[in-house]
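In what follows, a single structure is set out as structure tokens and then discussed.
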Amino acid sequence: MKNLKISSPINTDFISVVTTFVEQSSLAFGLQKYDALKLTLASEEVYLYLCDVVQGEKVLDITCTGGTYFVSVEFSFDKLELHLQAFNITAVPMSEIDEELKEMGLLIAARSVDNLSLEEVSGERLILRLIKEKSYPPPEEMGLPAVSPMTSFSIKIPTADEIKMFSRLLSVYYKDYPFPDAFKYPGKLVDMVSSSIYAISIATDDKGTIGGGIIWKRMNEKIAEFFGPYLFNQDDKDRMAESLINACLERLARTEIIGIFTRYPTEAFPEGYFEPIGVTRSFSKEGSYLEFSCYYRQLHEDAGTYVYVPKSIASFIENEYGRLVLPRQVYLTDYSGEYRGDYSVFATEFDRERNRVLMRPLWPGEDYLENISRHIAIFEKEGILNCFFEIDLGIPWHSSIADKLIESRFKPCVVIPYGGKSDLVIFQWEP
Amino acid sequence: MRPLSLDRLVPSYVKSFEAYIPSKPDEELKRLYRTHILHRLNNNENPLGPPPSAQEIIRKFSPPHAAIYPSGDSYYLRQKLAEKFNMHPDQFIVGNGANEVITFVIKAFCEKGDNIITGDKTFAVYEWVTIFSGFEARLVPLMDYTFDDEGILARVDKKTKVIFICNPNNPTGTYWDKERMKRFLERIDNRQIVVVDEAYFEFVEREDYPDCISLIDKYPNLVVFRTFSKMYGLAGLRIGYLAGNLDVVNTIRKTCVVYSVNTIAQKAAYAALDDHEHILKTRKYVREGKEFLRRELIRMGLPHVIGEGNYMMIKLPINDTLAYRKLMALGIMIRAMTGFRYPNYIRVTISELPVMEAFVEALKKIL
């Protein structure tokens, strides 16, 4: 990856410097004109927003990075210099009082890019990151080789051409199945694999025909998410599916990944390898929903850990720990009126492809309830119905938000062991 | 003061390496898993403990002697090993467990750009030490649970410095016989150092199993590891050794940390070497335990891999890390094998019959 960096005073006088930097860098890193303009627009919104919320003469580091399949822009600044509540996606520029102009700032920036995220680094700095992915052509209409049921096969790491073929087969055999959009674009999948975003193993016969495959990616530093196993016209589903799962697990064993999970298991998924860790719902605008069971397994022996569990979800958590035989030292916690700051801040991750948003608490505050409501209202307005909130049972203050989540129609639905500092609990909002 | 910039200080191969986190102490695990008993069937320890003569040494150790440094190079123990194997004492290096001598060998022979070769499903420490030292570990898939000699030879190049063969292999218990071992050494033709890890040597009763220390004269590139942790029951004192050609061992010695082996370990190991009775007793319960388990597993319809050594692998119809937790809750600690790249397998240390019976009962309960 290549990157370019500038440092700029946070002052509207420099807006053209920033936008020119982002636009020219994006073009140089291979974004098409239209995509480069979208990223520039989002960067402009973010910069103007920062000018509005940051007080005094401060300097901002802006880094533009060119990856194989994306360009990102990072705004990096010292956390102590900011009104942190301004970094809720729902926040509006302080100077704006006109209702019509309230829809500005981070939200509009989020609409123009594929990903907007806020990250805290070493407890001192914040990084606001925008990612715009390159546009790839859809797969060309071309005949696919006939895939016959295989009596023997071997598992291998695919070449670029095999990845493209795998992508095409996936679009044919799993046309109506939920999987990331990137899988539908052969060139993008190749680039994402070469960038180590995804890893793939495939099953081929001695002629090189692809009978199936499995894809996985890191969800965070410790957890990987996998997709599949996908089988193309195979009779002996169990054998190939198990071999693909084994290949995935063997490649992840002895790495820093300690758990692997899936939320969209296929029909060939071997349940004996995994444990069910909860169910999420995918709501449609018409009001119906589909349920997806999440499955997980650890890659390591569980030596136990401690968790801070809010009383309001204690029975749910204890039930899950009992069912999954997870050795945990549970400390029940309860909010006892202690001061926790005026304004809470949530990090928000949009997944527009799946009409989904995930929130995480960044800072505690007395306004949890109002802040949750503001976020939900914005998401509803954006047409996003699948809202999730994640708390880490290894971080004591996270538990203080659980009551307010429940009050706001969130329900705990999934526990991911060691998904964060300790176990993660995912709450889902009921529209 | 400026903040510490670990990002700048730490080499990339260390950054990307995940530290091995050992098990918590038994008492902690018992508390977390809410069990009053814990049978340790995870580390291939010897339930008989050290031989009686070694136990006597440990009992008689005078506490004031703890203030005195041990022999820095395990002088007397090396004399004893030399006598036992009819070699020169300087052909041995004693380390703080076999793990330490693995590090010595890699440090002695590898430099930037070099690689080692070993199996993909074997004792992990060869691979780990190589990677966090900044070298390449080439992993050759096992064939039928056995080290693949042809596969290894195909991966050798000019940058290959060391080949690690675990014989018998942990965890599969398979081994290369005398002929295969010699054939391999002939084909390597002194171009690389070949390390044969014989941690489970004393458990093997097969006629065709090679005693690689006896091959060192003929193959100067051969380095053999042995340990006092398994058969001799001294795992808690951490002591193991390597043997090899005098010039090779003198080279390895340059990278050794001296004084790393404590006095009690040296003396207990010295005493243990004479106790053949202990080996016979241990082999007897291992034979009985394996036979018992084999019968029970066949009854339960569970695929298993039994080879040499005091352990065996069992394929489960459930996730091995879940099986680990469920068995822990019943007071049985086994090794989940995903970390060895055998998902859904567990490795069980063979222990005495009552413990094996308890294991089988627990296994029936969780499946």
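Chain labels follow the order of the structure tokens: the first chain is A, the next B, and so on; residue numbering restarts at 1 in every chain, and ligands are counted from 1 in their shown order.
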**Request:** Return the neighbours of chain B among the residues of chain A, cut-off 12 Å, counting only C-alpha atoms, as an MDAnalysis selection string.
**Result:** chainID A and resid 122 124 221:222 242:260 270:276 295:306 321:330
**Message:** Please list as a VMD selection string every residue within 12 Å of Ser214 of chain B, counting only C-alpha atoms and excluding residues in the same chain fewer than 3 positions away.
**Reply:** chain B and resid 84 to 87 178 182 209 to 211 217 to 220 222 to 224 243 to 245
**Asked** So how far away is atom CA of Leu48 of chain A from atom CA of Leu107 of chain A, in Å?
**Response**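 For atom CA of Leu107 of chain A relative to atom CA of Leu48 of chain A, the distance reads 12.8 Å.
Look at segment 60-64 of chain A: the protein and nucleic acid residues within 6 Å of it, using only C-alpha atoms and passing over chain neighbours fewer than 5 places away, are Asn3, Leu4, Lys5, Ile6, Ser7, Ser8, Ser72, Val73, Glu74, Phe75, Ser76 and Phe77 of chain A.
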**Request:** Could you please write out, as a PyMOL selection string, every residue of segment 124-254 of chain A that DSSP assigns to strand (DSSP E or B)?
**Result:** chain A and resi 125-133+154-156+198-204+210-218+223-231
**Message:** Need the shell around Leu302 of chain B: protein/DNA/RNA residues with any atom at most 12 Å away, counting only C-alpha atoms. Skip same-chain ones fewer than 4 positions apart. Format as a list in words?
**Reply:**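 Residues meeting the cut-off are Leu293, Arg294, Arg295, Glu296, Leu297, Ile298, Met313, Ile314, Lys315, Leu316, Pro317, Ile318, Asn344, Tyr345, Ile346, Val360, Leu363, Lys364 and Leu367 of chain B.
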Atoms to include: C-alpha atoms. Write the selected residues as a PDB file, in the first residue's frame.
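part.pdb written:
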ATOM      1  CA  LEU B 293      -8.762 -47.091  25.367  1.00  0.00           C
ATOM      2  CA  ARG B 294      -8.588 -48.784  21.989  1.00  0.00           C
ATOM      3  CA  ARG B 295     -11.305 -51.248  23.055  1.00  0.00           C
ATOM      4  CA  GLU B 296     -13.523 -48.551  24.488  1.00  0.00           C
ATOM      5  CA  LEU B 297     -13.158 -46.246  21.510  1.00  0.00           C
ATOM      6  CA  ILE B 298     -14.048 -49.034  19.096  1.00  0.00           C
ATOM      7  CA  MET B 313      -5.536 -38.923  19.241  1.00  0.00           C
ATOM      8  CA  ILE B 314      -9.307 -39.315  19.084  1.00  0.00           C
ATOM      9  CA  LYS B 315     -11.580 -37.821  16.409  1.00  0.00           C
ATOM     10  CA  LEU B 316     -14.776 -36.463  17.931  1.00  0.00           C
ATOM     11  CA  PRO B 317     -18.120 -35.690  16.351  1.00  0.00           C
ATOM     12  CA  ILE B 318     -18.021 -32.318  18.135  1.00  0.00           C
ATOM     13  CA  ASN B 344     -12.155 -31.938  16.119  1.00  0.00           C
ATOM     14  CA  TYR B 345      -9.414 -34.227  17.391  1.00  0.00           C
ATOM     15  CA  ILE B 346      -8.260 -34.423  20.984  1.00  0.00           C
ATOM     16  CA  VAL B 360     -13.975 -42.816  29.114  1.00  0.00           C
ATOM     17  CA  LEU B 363     -16.261 -38.832  27.203  1.00  0.00           C
ATOM     18  CA  LYS B 364     -19.473 -40.846  27.111  1.00  0.00           C
ATOM     19  CA  LEU B 367     -21.003 -37.008  23.441  1.00  0.00           C
TER      20      LEU B 367
END
**Ile155 of chain A surroundings by only C-alpha atoms, 7 Å radius, close-in-sequence under 4 positions cut, as a list of chain:residue names** = A:Ser201, A:Ile202, A:Ala203, A:Thr204
**Asked** Got a sec: who's within 12 Å of Glu179 of chain B, counting only C-alpha atoms, leaving out chain neighbours fewer than 5 positions off, as an MDAnalysis selection string?
**Response** chainID B and resid 184:186 207:212 215
Please, could you write that set of residues out with all heavy atoms as a PDB file, in the first residue's frame?
ATOM      1  N   PHE B 184      16.833 -41.273   4.342  1.00  0.00           N
ATOM      2  CA  PHE B 184      16.631 -39.810   4.320  1.00  0.00           C
ATOM      3  C   PHE B 184      17.960 -39.095   4.576  1.00  0.00           C
ATOM      4  O   PHE B 184      18.331 -38.146   3.865  1.00  0.00           O
ATOM      5  CB  PHE B 184      15.595 -39.424   5.385  1.00  0.00           C
ATOM      6  CG  PHE B 184      15.315 -37.950   5.445  1.00  0.00           C
ATOM      7  CD1 PHE B 184      14.496 -37.345   4.504  1.00  0.00           C
ATOM      8  CD2 PHE B 184      15.871 -37.156   6.442  1.00  0.00           C
ATOM      9  CE1 PHE B 184      14.235 -35.982   4.549  1.00  0.00           C
ATOM     10  CE2 PHE B 184      15.615 -35.797   6.504  1.00  0.00           C
ATOM     11  CZ  PHE B 184      14.797 -35.206   5.547  1.00  0.00           C
ATOM     12  N   LEU B 185      18.703 -39.568   5.568  1.00  0.00           N
ATOM     13  CA  LEU B 185      19.979 -38.917   5.904  1.00  0.00           C
ATOM     14  C   LEU B 185      20.976 -39.029   4.749  1.00  0.00           C
ATOM     15  O   LEU B 185      21.735 -38.097   4.465  1.00  0.00           O
ATOM     16  CB  LEU B 185      20.557 -39.515   7.185  1.00  0.00           C
ATOM     17  CG  LEU B 185      19.772 -39.161   8.460  1.00  0.00           C
ATOM     18  CD1 LEU B 185      20.148 -40.080   9.618  1.00  0.00           C
ATOM     19  CD2 LEU B 185      20.012 -37.701   8.850  1.00  0.00           C
ATOM     20  N   GLU B 186      20.924 -40.169   4.066  1.00  0.00           N
ATOM     21  CA  GLU B 186      21.806 -40.336   2.895  1.00  0.00           C
ATOM     22  C   GLU B 186      21.465 -39.290   1.824  1.00  0.00           C
ATOM     23  O   GLU B 186      22.340 -38.690   1.220  1.00  0.00           O
ATOM     24  CB  GLU B 186      21.627 -41.731   2.266  1.00  0.00           C
ATOM     25  CG  GLU B 186      22.068 -42.897   3.137  1.00  0.00           C
ATOM     26  CD  GLU B 186      23.573 -43.001   3.300  1.00  0.00           C
ATOM     27  OE1 GLU B 186      24.283 -42.422   2.456  1.00  0.00           O
ATOM     28  OE2 GLU B 186      24.031 -43.622   4.273  1.00  0.00           O
ATOM     29  N   GLU B 207      11.160 -52.932  17.350  1.00  0.00           N
ATOM     30  CA  GLU B 207      12.498 -53.330  16.926  1.00  0.00           C
ATOM     31  C   GLU B 207      13.076 -52.415  15.836  1.00  0.00           C
ATOM     32  O   GLU B 207      14.276 -52.163  15.793  1.00  0.00           O
ATOM     33  CB  GLU B 207      12.451 -54.757  16.350  1.00  0.00           C
ATOM     34  CG  GLU B 207      12.290 -55.837  17.395  1.00  0.00           C
ATOM     35  CD  GLU B 207      13.587 -56.076  18.144  1.00  0.00           C
ATOM     36  OE1 GLU B 207      14.617 -56.224  17.469  1.00  0.00           O
ATOM     37  OE2 GLU B 207      13.557 -56.094  19.393  1.00  0.00           O
ATOM     38  N   ASP B 208      12.175 -51.978  14.949  1.00  0.00           N
ATOM     39  CA  ASP B 208      12.681 -51.222  13.793  1.00  0.00           C
ATOM     40  C   ASP B 208      12.797 -49.715  14.073  1.00  0.00           C
ATOM     41  O   ASP B 208      13.116 -48.941  13.187  1.00  0.00           O
ATOM     42  CB  ASP B 208      11.793 -51.448  12.566  1.00  0.00           C
ATOM     43  CG  ASP B 208      10.347 -51.043  12.792  1.00  0.00           C
ATOM     44  OD1 ASP B 208       9.997 -50.723  13.951  1.00  0.00           O
ATOM     45  OD2 ASP B 208       9.568 -51.044  11.816  1.00  0.00           O
ATOM     46  N   TYR B 209      12.543 -49.327  15.318  1.00  0.00           N
ATOM     47  CA  TYR B 209      12.627 -47.899  15.650  1.00  0.00           C
ATOM     48  C   TYR B 209      14.100 -47.502  15.783  1.00  0.00           C
ATOM     49  O   TYR B 209      14.857 -48.151  16.513  1.00  0.00           O
ATOM     50  CB  TYR B 209      11.871 -47.633  16.953  1.00  0.00           C
ATOM     51  CG  TYR B 209      11.979 -46.207  17.464  1.00  0.00           C
ATOM     52  CD1 TYR B 209      11.376 -45.158  16.792  1.00  0.00           C
ATOM     53  CD2 TYR B 209      12.712 -45.915  18.618  1.00  0.00           C
ATOM     54  CE1 TYR B 209      11.487 -43.847  17.258  1.00  0.00           C
ATOM     55  CE2 TYR B 209      12.828 -44.619  19.098  1.00  0.00           C
ATOM     56  CZ  TYR B 209      12.217 -43.585  18.408  1.00  0.00           C
ATOM     57  OH  TYR B 209      12.329 -42.297  18.860  1.00  0.00           O
ATOM     58  N   PRO B 210      14.519 -46.452  15.111  1.00  0.00           N
ATOM     59  CA  PRO B 210      15.950 -46.113  15.141  1.00  0.00           C
ATOM     60  C   PRO B 210      16.364 -45.377  16.413  1.00  0.00           C
ATOM     61  O   PRO B 210      15.630 -44.516  16.903  1.00  0.00           O
ATOM     62  CB  PRO B 210      16.098 -45.181  13.934  1.00  0.00           C
ATOM     63  CG  PRO B 210      14.756 -44.575  13.735  1.00  0.00           C
ATOM     64  CD  PRO B 210      13.740 -45.555  14.231  1.00  0.00           C
ATOM     65  N   ASP B 211      17.536 -45.738  16.930  1.00  0.00           N
ATOM     66  CA  ASP B 211      18.141 -44.972  18.026  1.00  0.00           C
ATOM     67  C   ASP B 211      19.099 -43.999  17.343  1.00  0.00           C
ATOM     68  O   ASP B 211      20.216 -44.371  16.963  1.00  0.00           O
ATOM     69  CB  ASP B 211      18.884 -45.944  18.947  1.00  0.00           C
ATOM     70  CG  ASP B 211      19.793 -45.227  19.923  1.00  0.00           C
ATOM     71  OD1 ASP B 211      19.818 -43.974  19.918  1.00  0.00           O
ATOM     72  OD2 ASP B 211      20.495 -45.924  20.683  1.00  0.00           O
ATOM     73  N   CYS B 212      18.662 -42.772  17.158  1.00  0.00           N
ATOM     74  CA  CYS B 212      19.442 -41.870  16.293  1.00  0.00           C
ATOM     75  C   CYS B 212      20.766 -41.450  16.928  1.00  0.00           C
ATOM     76  O   CYS B 212      21.693 -41.061  16.202  1.00  0.00           O
ATOM     77  CB  CYS B 212      18.596 -40.672  15.889  1.00  0.00           C
ATOM     78  SG  CYS B 212      17.457 -41.091  14.563  1.00  0.00           S
ATOM     79  N   LEU B 215      23.497 -43.140  15.419  1.00  0.00           N
ATOM     80  CA  LEU B 215      23.801 -42.832  14.010  1.00  0.00           C
ATOM     81  C   LEU B 215      24.674 -41.580  13.854  1.00  0.00           C
ATOM     82  O   LEU B 215      25.053 -41.223  12.740  1.00  0.00           O
ATOM     83  CB  LEU B 215      22.488 -42.617  13.234  1.00  0.00           C
ATOM     84  CG  LEU B 215      21.498 -43.780  13.199  1.00  0.00           C
ATOM     85  CD1 LEU B 215      20.234 -43.378  12.440  1.00  0.00           C
ATOM     86  CD2 LEU B 215      22.132 -44.991  12.504  1.00  0.00           C
TER      87      LEU B 215
END
**Request:** Please run DSSP on the backbone and report, as a ChimeraX atom specification, all residues within segment 80-271 of chain B that come out as helix (DSSP H, G or I).
**Result:** /B:80-85,89-91,98-109,125-132,149-155,178-188,201-203,212-215,235-237,246-253,263-271
**Request:** Could you give me, as a PyMOL selection string, the residues within 6 Å of Gly119 of chain B, counting only C-alpha atoms and dropping anything in the same chain fewer than 5 positions from it?
**Result:** chain B and resi 139-141
Written file, previous selection with N, CA and C atoms, as a short mmCIF file (atom, residue, chain, number, x, y, z; two decimals), in the first residue's frame:
data_model
loop_
_atom_site.label_atom_id
_atom_site.label_comp_id
_atom_site.auth_asym_id
_atom_site.auth_seq_id
_atom_site.Cartn_x
_atom_site.Cartn_y
_atom_site.Cartn_z
N LEU B 139 6.40 -25.73 6.06
CA LEU B 139 5.66 -26.82 6.68
C LEU B 139 5.20 -27.80 5.62
N VAL B 140 5.64 -29.03 5.75
CA VAL B 140 5.29 -30.05 4.76
C VAL B 140 4.15 -30.90 5.34
N PRO B 141 3.05 -31.01 4.60
CA PRO B 141 1.92 -31.81 5.14
C PRO B 141 2.33 -33.24 5.46
#
Per-residue nearest contacts of segment 182-227 of chain B to segment 269-289 of chain B (12 Å; only C-alpha atoms) as JSON lines:
{"residue": "B:Tyr200", "atom": "CA", "partner": "B:Arg283", "partner_atom": "CA", "distance": 11.3}
{"residue": "B:Phe201", "atom": "CA", "partner": "B:Ile279", "partner_atom": "CA", "distance": 10.9}
{"residue": "B:Glu202", "atom": "CA", "partner": "B:Ile279", "partner_atom": "CA", "distance": 7.1}
{"residue": "B:Phe203", "atom": "CA", "partner": "B:Arg283", "partner_atom": "CA", "distance": 6.2}
{"residue": "B:Val204", "atom": "CA", "partner": "B:Arg283", "partner_atom": "CA", "distance": 8.4}
{"residue": "B:Glu205", "atom": "CA", "partner": "B:Arg283", "partner_atom": "CA", "distance": 8.5}
{"residue": "B:Arg226", "atom": "CA", "partner": "B:Ala269", "partner_atom": "CA", "distance": 11.8}
{"residue": "B:Thr227", "atom": "CA", "partner": "B:Ala269", "partner_atom": "CA", "distance": 9.6}
How would the residues just picked look written out with N, CA, C and O atoms as a compact mmCIF listing (two decimals), in the first residue's frame?
# COMPACT_ATOMS: atom_id res chain seq x y z
N TYR B 200 10.04 -38.86 22.93
CA TYR B 200 9.30 -40.03 23.42
C TYR B 200 10.07 -41.33 23.16
O TYR B 200 9.48 -42.40 23.13
N PHE B 201 11.39 -41.21 22.99
CA PHE B 201 12.24 -42.35 22.65
C PHE B 201 12.02 -43.54 23.60
O PHE B 201 11.86 -44.69 23.18
N GLU B 202 12.03 -43.27 24.89
CA GLU B 202 12.01 -44.36 25.88
C GLU B 202 10.69 -45.12 25.91
O GLU B 202 10.61 -46.19 26.52
N PHE B 203 9.66 -44.58 25.27
CA PHE B 203 8.36 -45.26 25.26
C PHE B 203 8.27 -46.30 24.14
O PHE B 203 7.41 -47.16 24.15
N VAL B 204 9.16 -46.19 23.15
CA VAL B 204 9.02 -47.02 21.94
C VAL B 204 9.69 -48.37 22.15
O VAL B 204 10.86 -48.45 22.53
N GLU B 205 8.93 -49.43 21.85
CA GLU B 205 9.47 -50.78 22.05
C GLU B 205 9.67 -51.51 20.73
O GLU B 205 10.06 -52.67 20.72
N ARG B 226 16.62 -35.18 23.25
CA ARG B 226 15.88 -36.04 24.20
C ARG B 226 15.50 -35.20 25.41
O ARG B 226 16.06 -34.14 25.65
N THR B 227 14.57 -35.72 26.17
CA THR B 227 14.07 -34.92 27.30
C THR B 227 13.92 -35.79 28.55
O THR B 227 13.76 -37.02 28.44
**Prompt:** When you draw a straight line from atom CA of Pro417 of chain A to atom CA of Asp334 of chain A, how long is it in Å?
**Reply:** 21.9 Å
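When only C-alpha atoms are used to compute distances to Asp52 of chain A, the closest of the residues A:Ile372, A:Ile401, A:Met240, A:Leu106 turns out to be A:Leu106.
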**Asked** Of the candidates A:Ile10, A:Ile376, A:Leu424, A:Val415, which one gets nearest to Asn319 of chain A if we count only C-alpha atoms?
**Response**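 The answer is A:Val415, which sits nearest to Asn319 of chain A.
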**Message:** Rounded to one decimal, what separation in Å do you get between atom CA of Val305 of chain B and atom CA of Phe147 of chain B?
**Reply:**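 Computing the Euclidean distance for atom CA of Val305 of chain B and atom CA of Phe147 of chain B yields 14.8 Å.
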